[in-house]
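K.L.:
What follows is the file upload_39.txt, containing compact mmCIF, C-alpha atoms:
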# COMPACT_ATOMS: atom_id res chain seq x y z
CA MET A 164 9.04 -7.42 2.82
CA LYS A 165 5.26 -7.48 3.29
CA LEU A 166 5.38 -4.75 5.96
CA ILE A 167 7.59 -2.47 3.86
CA THR A 168 5.33 -2.95 0.83
CA LYS A 169 2.26 -2.07 2.89
CA TRP A 170 4.03 1.00 4.31
CA LEU A 171 5.04 2.25 0.85
CA LEU A 172 1.56 1.67 -0.56
CA SER A 173 -0.03 3.38 2.44
CA ALA A 174 2.18 6.42 1.87
CA ALA A 175 1.14 6.42 -1.79
CA ALA A 176 -2.50 6.17 -0.65
CA LEU A 177 -2.03 9.25 1.54
CA LEU A 178 -0.67 11.13 -1.46
CA ALA A 179 -3.71 9.98 -3.45
CA VAL A 180 -6.02 11.23 -0.69
CA ALA A 181 -4.29 14.61 -0.79
CA TYR A 182 -4.61 14.67 -4.58
CA LEU A 183 -8.31 13.73 -4.55
CA TYR A 184 -9.41 15.87 -1.60
CA SER A 185 -8.24 19.43 -0.92
CA GLY A 186 -8.89 19.15 2.84
CA VAL A 187 -5.76 17.01 3.20
CA VAL A 188 -2.32 18.37 2.26
CA ILE A 189 0.93 16.40 2.16
CA ASP A 190 4.13 18.22 1.28
CA SER A 191 6.22 15.32 -0.04
CA PHE A 192 6.52 11.55 -0.33
CA GLY A 193 8.83 11.61 2.70
CA ALA A 194 6.13 13.34 4.72
CA ALA A 195 3.64 10.73 3.46
CA LEU A 196 5.96 7.93 4.60
CA ILE A 197 6.22 9.40 8.09
CA ALA A 198 2.48 10.11 8.22
CA ALA A 199 1.63 6.54 7.18
CA LEU A 200 3.93 5.25 9.92
CA VAL A 201 2.41 7.52 12.57
CA ILE A 202 -1.17 6.71 11.52
CA GLY A 203 -0.29 3.01 11.70
CA LEU A 204 1.23 3.41 15.16
CA PHE A 205 -1.76 5.43 16.41
CA ASN A 206 -4.14 2.80 15.03
CA MET A 207 -2.13 0.04 16.68
CA LEU A 208 -1.63 1.70 20.09
CA LEU A 209 -4.36 4.29 20.67
CA ARG A 210 -7.32 3.04 18.65
CA PRO A 211 -7.96 -0.13 20.72
CA VAL A 212 -8.06 1.96 23.92
CA LEU A 213 -10.44 4.48 22.36
CA VAL A 214 -12.68 1.74 21.00
CA LEU A 215 -12.89 0.15 24.44
CA LEU A 216 -13.56 3.47 26.20
CA THR A 217 -16.27 4.46 23.74
CA LEU A 218 -17.90 1.05 23.47
CA PRO A 219 -21.30 2.21 24.82
CA VAL A 220 -21.45 5.06 22.29
CA THR A 221 -20.33 2.73 19.52
CA VAL A 222 -23.08 0.26 20.37
CA LEU A 223 -25.71 3.03 20.54
CA THR A 224 -24.67 4.35 17.13
CA LEU A 225 -24.55 0.82 15.66
CA GLY A 226 -20.82 1.12 15.03
CA LEU A 227 -20.90 4.48 13.28
CA PHE A 228 -18.82 6.07 16.06
CA LEU A 229 -15.87 4.03 14.76
CA PHE A 230 -15.74 6.50 11.85
CA VAL A 231 -15.21 9.27 14.41
CA ILE A 232 -12.39 7.30 16.03
CA ASN A 233 -10.74 6.78 12.63
CA ALA A 234 -11.04 10.49 11.92
CA LEU A 235 -9.48 11.31 15.30
CA MET A 236 -6.49 9.06 14.53
CA PHE A 237 -6.07 10.71 11.14
CA TRP A 238 -6.44 14.22 12.56
CA SER A 239 -4.12 13.48 15.50
CA ALA A 240 -1.38 12.27 13.17
CA ALA A 241 -1.67 15.51 11.20
CA GLY A 242 -1.52 17.44 14.46
CA VAL A 243 1.84 16.02 15.52
CA LEU A 244 3.54 16.09 12.12
CA SER A 245 4.79 18.84 9.90
CA GLY A 246 4.27 18.21 6.21
CA PHE A 247 0.87 16.58 6.80
CA HIS A 248 -2.07 18.93 7.26
CA VAL A 249 -5.80 18.32 7.68
CA ARG A 250 -8.20 21.27 7.59
CA GLY A 251 -10.50 20.46 10.51
CA PHE A 252 -12.46 17.50 11.79
CA GLY A 253 -14.76 17.28 8.76
CA ALA A 254 -11.74 17.05 6.48
CA ALA A 255 -10.26 14.39 8.78
CA LEU A 256 -13.49 12.39 8.59
CA LEU A 257 -13.65 12.46 4.80
CA GLY A 258 -9.89 11.99 4.43
CA SER A 259 -9.90 8.98 6.76
CA LEU A 260 -12.81 7.44 4.85
CA ILE A 261 -10.96 7.77 1.54
CA TYR A 262 -7.76 6.48 3.16
CA SER A 263 -9.67 3.50 4.59
CA VAL A 264 -10.98 2.58 1.13
CA PHE A 265 -7.43 2.66 -0.20
CA GLY A 266 -6.35 0.59 2.81
CA ILE A 267 -8.88 -2.13 1.99
CA VAL A 268 -7.58 -2.27 -1.58
CA ILE A 269 -3.96 -2.33 -0.37
CA ASP A 270 -4.68 -5.17 2.07
CA SER A 271 -6.35 -7.15 -0.71
CA VAL A 272 -3.45 -6.61 -3.12
CA ILE A 273 -0.82 -7.47 -0.50
CA GLU A 274 -2.69 -10.60 0.49
CA ARG A 275 -2.70 -11.77 -3.12
CA LEU A 276 0.94 -10.84 -3.69
CA PHE A 277 2.27 -12.52 -0.59
CA SER A 278 -0.08 -15.48 -0.23
CA LYS A 279 1.54 -18.87 -0.57
CA HIS A 280 -0.17 -21.02 -3.18
Written as structure tokens, how would this file's structure read?
P.N.:
Amino acid sequence: MKLITKWLLSAAALLAVAYLYSGVVIDSFGAALIAALVIGLFNMLLRPVLVLLTLPVTVLTLGLFLFVINALMFWSAAGVLSGFHVRGFGAALLGSLIYSVFGIVIDSVIERLFSKH
């Protein structure tokens, strides 16, 4: 139940990003669901490899290069999906930052909802 709730809220967060920022376009809630799934899979499978490969650059930039990696995951998901469009790398960077803020809020809410007291 926790995973499904997070998935639904992540899709809603993508719709909110598209509403707040014109550089990100999502055609429907169904497209947002698929995009949230793909972004989650990319972050789970590809992101650790990219973080490891770019570790020297990440250390030199004091961790700021992780924003670039997040933007690449966001932009890559838009590249392989129809119904989810990002207008360039700058839009991916800003869109992924907004999406990350929503993700932090979602994680906090889910933790409170599903924590055992």
K.L.:
Give me the residues near region 202-210 of chain A as a compact mmCIF listing (two decimals) with C-alpha atoms, in the frame of the given file, where near means some atom within 8 Å (using all atoms listed in the file) and where sequence neighbours in that chain fewer than 3 positions away do not count.
P.N.:
# COMPACT_ATOMS: atom_id res chain seq x y z
CA ALA A 198 2.48 10.11 8.22
CA ALA A 199 1.63 6.54 7.18
CA LEU A 213 -10.44 4.48 22.36
CA VAL A 214 -12.68 1.74 21.00
CA ILE A 232 -12.39 7.30 16.03
CA ASN A 233 -10.74 6.78 12.63
CA MET A 236 -6.49 9.06 14.53
CA PHE A 237 -6.07 10.71 11.14
CA ALA A 240 -1.38 12.27 13.17
K.L.:
Go through A:Phe230, A:Thr221, A:Ala241, A:Pro211 one by one, measure the shortest atom-to-atom distance of each to Ala195 (chain A) using only C-alpha atoms, and give the residue with the smallest value.
P.N.:
A:Ala241
K.L.:
Pick out the residues sitting within 9 Å of Leu177 (chain A), and hand them over as JSON, numbers by chain; count all atoms listed in the file, and ignore anything fewer than 2 positions along from it in its own chain.
P.N.:
{"A": [172, 173, 174, 175, 179, 180, 181, 182, 187, 189, 195, 196, 198, 199, 258, 262, 265]}
K.L.:
What does the distance from CA of Leu244 (chain A) to CA of Leu178 (chain A) come to in Å, to one decimal?
P.N.:
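About the pair CA of Leu244 (chain A) and CA of Leu178 (chain A): they are 15.1 Å apart.
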K.L.:
Quick check, in Å to one decimal: how far apart do CA of Ser185 (chain A) and CA of Gly266 (chain A) lie?
P.N.:
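Rounded to one decimal, the two atoms are 19.3 Å apart.
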K.L.:
Between CA of Ser278 (chain A) and CA of Ile167 (chain A), measure the distance and give it in Å to one decimal.
P.N.:
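One can read the CA of Ser278 (chain A) to CA of Ile167 (chain A) distance as 15.6 Å.
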